[in-house]
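The structure appears right after this line, and notes come after that.
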Amino acid sequence: MNEFEFECSHCGEVHKGIPTFGADIPNTVLQVPQEQRESRVDLGTDDCVIDGKHFYVKGYVEIPVVGFSDPFIWGSWVSLSEENYQEFVECFDQDNRSHVGPFFGWHCCDFAVYEKECTNLETQIFLRDNGIRPLIKIKPTKHPLAVEQNNGITRDRLIQIYEQMLHGI
């Protein structure tokens with residue numbers, strides 16, 4: 001398969017490789033006033049706890065790209081129950097953890113490329129071995145994110161996402 005590359009219609013540069021975009025925090029962190037975040041939000045690179053009772057983990061929503069072996073990836077956050085979060089934490093540092101779960105969760109991120117909000121989509125979170133971030137599978141619905149994950153996207157759609165995320169087009 002060929003490597004993905006295209007000439008950007010906005011900046012004229014040739015961008016190479018299938019990108020990964022994502023959210024740095026779950027949307028719910030934004031509901032905590034800025035001046036209270038340090039005391040109420042425990043944010044790590046792979047998990048987040050708000051007020052000791054709302055639990056989130058980071059994973060990947062992988063979208064197949066027609067004609068390419070590598071997927072396009074959204075780095076996303078999902079909520080977990082306290083019980084599932086504790087199980088996630090207990091096995092997180094293990095090399096072989098894919099046998100644990102899957103876990104039910106609610107998607108907690110929005111992406112500007114979708115007209116509909118992506119928050120509160122039902123998900124399943126699948127742990128993967130060897131330190132690879134968990135796979136987030138969106139429950140099949142008519143939501144564009146779920147449709148794209150299930151059906152894949154074209155090269156042109158990936159270019160559209162790329163340009164919108166980099167340049168706000």
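By convention in this document, the chains of the structure tokens carry letters A, B, ... by their order, each chain's residues are numbered from 1, and ligands are numbered from 1 in the order they are shown.
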
Per-residue nearest contacts of segment 17-75 of chain A to segment 129-150 of chain A (10 Å; only C-alpha atoms) as a tab-separated table:
residue	atom	partner	partner_atom	distance
A:Asp46	CA	A:Arg133	CA	8.1
A:Val57	CA	A:Pro134	CA	8.6
A:Lys58	CA	A:Arg133	CA	7.3
A:Gly59	CA	A:Pro134	CA	4.6
A:Tyr60	CA	A:Leu135	CA	5.0
A:Val61	CA	A:Ile136	CA	5.0
A:Glu62	CA	A:Gln149	CA	6.5
A:Ile63	CA	A:Gln149	CA	4.6
A:Pro64	CA	A:Gln149	CA	6.7
A:Val65	CA	A:Glu148	CA	9.3
A:Pro71	CA	A:Gln149	CA	9.6
A:Phe72	CA	A:Gln149	CA	9.5
A:Ile73	CA	A:Gln149	CA	9.8
A:Trp74	CA	A:Ile136	CA	9.5
A:Gly75	CA	A:Arg133	CA	9.2

With N, CA and C atoms retained, export the selected residues as an mmCIF file, in the first residue's frame.
data_model
loop_
_atom_site.group_PDB
_atom_site.id
_atom_site.type_symbol
_atom_site.label_atom_id
_atom_site.label_comp_id
_atom_site.auth_asym_id
_atom_site.auth_seq_id
_atom_site.Cartn_x
_atom_site.Cartn_y
_atom_site.Cartn_z
ATOM 1 N N ASP A 46 -3.155 8.872 30.761
ATOM 2 C CA ASP A 46 -4.040 7.788 30.344
ATOM 3 C C ASP A 46 -5.322 7.687 31.144
ATOM 4 N N VAL A 57 -10.825 7.139 31.042
ATOM 5 C CA VAL A 57 -9.587 6.591 30.487
ATOM 6 C C VAL A 57 -9.453 7.046 29.041
ATOM 7 N N LYS A 58 -8.204 7.111 28.596
ATOM 8 C CA LYS A 58 -7.926 7.540 27.228
ATOM 9 C C LYS A 58 -7.666 6.314 26.353
ATOM 10 N N GLY A 59 -8.165 6.384 25.146
ATOM 11 C CA GLY A 59 -7.957 5.301 24.196
ATOM 12 C C GLY A 59 -8.023 5.835 22.784
ATOM 13 N N TYR A 60 -8.084 4.909 21.843
ATOM 14 C CA TYR A 60 -8.102 5.260 20.429
ATOM 15 C C TYR A 60 -9.384 4.811 19.755
ATOM 16 N N VAL A 61 -10.021 5.732 19.044
ATOM 17 C CA VAL A 61 -11.087 5.390 18.108
ATOM 18 C C VAL A 61 -10.391 5.264 16.760
ATOM 19 N N GLU A 62 -10.293 4.039 16.256
ATOM 20 C CA GLU A 62 -9.590 3.803 15.000
ATOM 21 C C GLU A 62 -10.583 3.763 13.847
ATOM 22 N N ILE A 63 -10.258 4.505 12.790
ATOM 23 C CA ILE A 63 -11.117 4.617 11.620
ATOM 24 C C ILE A 63 -10.353 4.049 10.419
ATOM 25 N N PRO A 64 -10.838 2.979 9.803
ATOM 26 C CA PRO A 64 -10.152 2.455 8.615
ATOM 27 C C PRO A 64 -10.173 3.495 7.483
ATOM 28 N N VAL A 65 -9.078 3.532 6.718
ATOM 29 C CA VAL A 65 -8.984 4.414 5.562
ATOM 30 C C VAL A 65 -8.892 3.518 4.329
ATOM 31 N N PRO A 71 -4.902 2.787 10.167
ATOM 32 C CA PRO A 71 -6.131 3.544 10.387
ATOM 33 C C PRO A 71 -5.833 5.007 10.719
ATOM 34 N N PHE A 72 -6.837 5.838 10.550
ATOM 35 C CA PHE A 72 -6.830 7.189 11.102
ATOM 36 C C PHE A 72 -7.271 7.027 12.551
ATOM 37 N N ILE A 73 -6.680 7.793 13.464
ATOM 38 C CA ILE A 73 -6.960 7.615 14.893
ATOM 39 C C ILE A 73 -7.396 8.927 15.536
ATOM 40 N N TRP A 74 -8.486 8.817 16.305
ATOM 41 C CA TRP A 74 -8.891 9.877 17.225
ATOM 42 C C TRP A 74 -8.458 9.437 18.622
ATOM 43 N N GLY A 75 -7.643 10.218 19.304
ATOM 44 C CA GLY A 75 -7.358 9.986 20.716
ATOM 45 C C GLY A 75 -8.548 10.524 21.501
#

Set the distance at 12 Å and use only C-alpha atoms: which residues neighbour Glu38 of chain A once local chain neighbours fewer than 3 positions away are removed? I'd like the list as a tab-separated table (two decimals) with C-alpha atoms, in the first residue's frame.
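The new file around07.tsv reads:
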chain	number	residue	atom	x	y	z
A	29	VAL	CA	-13.08	18.64	32.94
A	32	VAL	CA	-14.98	22.26	36.61
A	33	PRO	CA	-14.15	25.95	37.14
A	34	GLN	CA	-10.54	26.68	36.14
A	35	GLU	CA	-9.60	27.81	39.65
A	41	VAL	CA	-9.14	16.98	38.83
A	42	ASP	CA	-6.45	14.29	38.86
A	43	LEU	CA	-5.37	14.19	35.20
A	49	VAL	CA	-10.56	11.31	38.00
A	50	ILE	CA	-12.82	14.21	38.93
A	51	ASP	CA	-13.84	14.69	42.56

Next on the checklist: Using DSSP secondary structure from the backbone, list all helix (DSSP H, G or I) positions within segment 8-163 of chain A, as number ranges by chain.
Outcome noted: A: 27-31, 34-40, 82-91, 144-151, 155-163

Would you list the contacts of Gly105 of chain A as a compact mmCIF listing (two decimals) with C-alpha atoms, in the first residue's frame, taking every protein, DNA or RNA residue within 12 Å and counting only C-alpha atoms, but skipping same-chain residues closer than 4 positions in sequence?
# COMPACT_ATOMS: atom_id res chain seq x y z
CA HIS A 54 -15.99 10.38 37.98
CA PHE A 55 -13.55 8.13 36.13
CA TYR A 56 -12.16 8.40 32.61
CA VAL A 57 -9.59 6.59 30.49
CA LYS A 58 -7.93 7.54 27.23
CA GLY A 59 -7.96 5.30 24.20
CA SER A 76 -10.48 10.01 22.89
CA TRP A 77 -11.67 9.79 26.45
CA VAL A 78 -14.43 7.59 27.80
CA SER A 79 -16.06 7.39 31.20
CA LEU A 80 -16.00 4.18 33.20
CA SER A 81 -17.80 3.00 36.29
CA GLU A 82 -15.68 3.05 39.44
CA GLU A 83 -15.53 -0.76 39.44
CA ASN A 84 -14.34 -0.94 35.81
CA TYR A 85 -11.91 1.92 36.37
CA GLY A 101 -12.73 -6.39 29.81
CA THR A 119 -20.21 13.18 23.73
CA ASN A 120 -22.32 10.45 25.33
CA LEU A 121 -22.04 7.93 22.51
CA GLU A 122 -22.06 4.39 23.92
CA THR A 123 -18.72 2.62 23.70
CA GLN A 124 -16.88 -0.56 24.53
CA ILE A 125 -13.25 -0.22 25.63
CA PHE A 126 -10.89 -3.07 24.76
CA LEU A 135 -9.31 0.50 21.51
CA ILE A 136 -12.60 2.37 21.76
CA LYS A 137 -15.42 0.90 19.71
CA ILE A 138 -18.39 3.23 19.24
CA LYS A 139 -21.75 1.45 19.40

Checklist entry - Expressed in Å to a single decimal, how great is the separation between atom CA of Glu3 of chain A and atom CA of Asn151 of chain A? => result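 Spanning atom CA of Glu3 of chain A to atom CA of Asn151 of chain A is a straight-line distance of 20.6 Å.
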
Item to check | Picked from chain A by DSSP as strand (DSSP E), as a ChimeraX atom specification | outcome: /A:5-7,14-16,20-22,41-43,47-50,54-63,72-80,103-107,122-126,135-138

With C-alpha atoms retained, export the selected residues as a short mmCIF file (atom, residue, chain, number, x, y, z; two decimals), in the first residue's frame.
data_model
loop_
_atom_site.label_atom_id
_atom_site.label_comp_id
_atom_site.auth_asym_id
_atom_site.auth_seq_id
_atom_site.Cartn_x
_atom_site.Cartn_y
_atom_site.Cartn_z
CA GLU A 5 0.30 12.06 1.46
CA PHE A 6 -1.38 15.10 -0.05
CA GLU A 7 -0.75 18.73 -0.92
CA VAL A 14 2.78 18.20 1.37
CA HIS A 15 1.59 16.37 4.49
CA LYS A 16 2.74 12.78 4.80
CA THR A 20 -3.68 11.08 14.74
CA PHE A 21 -5.70 13.85 16.36
CA GLY A 22 -7.31 13.86 19.75
CA VAL A 41 -9.14 16.98 38.83
CA ASP A 42 -6.45 14.29 38.86
CA LEU A 43 -5.37 14.19 35.20
CA ASP A 47 -6.66 8.42 33.00
CA CYS A 48 -8.56 11.18 34.76
CA VAL A 49 -10.56 11.31 38.00
CA ILE A 50 -12.82 14.21 38.93
CA HIS A 54 -15.99 10.38 37.98
CA PHE A 55 -13.55 8.13 36.13
CA TYR A 56 -12.16 8.40 32.61
CA VAL A 57 -9.59 6.59 30.49
CA LYS A 58 -7.93 7.54 27.23
CA GLY A 59 -7.96 5.30 24.20
CA TYR A 60 -8.10 5.26 20.43
CA VAL A 61 -11.09 5.39 18.11
CA GLU A 62 -9.59 3.80 15.00
CA ILE A 63 -11.12 4.62 11.62
CA PHE A 72 -6.83 7.19 11.10
CA ILE A 73 -6.96 7.62 14.89
CA TRP A 74 -8.89 9.88 17.22
CA GLY A 75 -7.36 9.99 20.72
CA SER A 76 -10.48 10.01 22.89
CA TRP A 77 -11.67 9.79 26.45
CA VAL A 78 -14.43 7.59 27.80
CA SER A 79 -16.06 7.39 31.20
CA LEU A 80 -16.00 4.18 33.20
CA PHE A 103 -15.63 -2.24 29.57
CA PHE A 104 -18.75 -0.19 28.86
CA GLY A 105 -18.23 3.56 28.73
CA TRP A 106 -19.60 6.85 27.45
CA HIS A 107 -17.58 8.84 24.92
CA GLU A 122 -22.06 4.39 23.92
CA THR A 123 -18.72 2.62 23.70
CA GLN A 124 -16.88 -0.56 24.53
CA ILE A 125 -13.25 -0.22 25.63
CA PHE A 126 -10.89 -3.07 24.76
CA LEU A 135 -9.31 0.50 21.51
CA ILE A 136 -12.60 2.37 21.76
CA LYS A 137 -15.42 0.90 19.71
CA ILE A 138 -18.39 3.23 19.24
#

Close residues, Ile161 of chain A itself excluded, 7 Å, only C-alpha atoms, min 4 positions apart in chain, as a short mmCIF file (atom, residue, chain, number, x, y, z; two decimals) with N, CA and C atoms, in the first residue's frame:
data_model
loop_
_atom_site.label_atom_id
_atom_site.label_comp_id
_atom_site.auth_asym_id
_atom_site.auth_seq_id
_atom_site.Cartn_x
_atom_site.Cartn_y
_atom_site.Cartn_z
N VAL A 113 -14.92 18.30 13.43
CA VAL A 113 -15.25 17.86 12.07
C VAL A 113 -16.63 17.22 11.98
N ARG A 157 -11.99 12.16 2.39
CA ARG A 157 -12.54 12.50 3.72
C ARG A 157 -11.40 12.71 4.71
N MET A 165 -8.66 20.06 10.95
CA MET A 165 -8.01 20.01 12.24
C MET A 165 -6.75 20.89 12.28
#

Checklist entry - Which of these residues is nearest to Asp70 of chain A, using only C-alpha atoms: A:Ile18, A:Ile159, A:Ile153, A:Cys109? => result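 Among the listed residues, the smallest separation from Asp70 of chain A belongs to A:Ile18.
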
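The interatomic distance for the pair atom CA of Ser98 of chain A and atom CA of Leu127 of chain A works out to 4.8 Å.
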
Item to check | Computed interatomic separation between atom CA of Cys8 of chain A and atom CA of Thr154 of chain A (Å) | outcome: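 Calculated distance between atom CA of Cys8 of chain A and atom CA of Thr154 of chain A is 16.2 Å.
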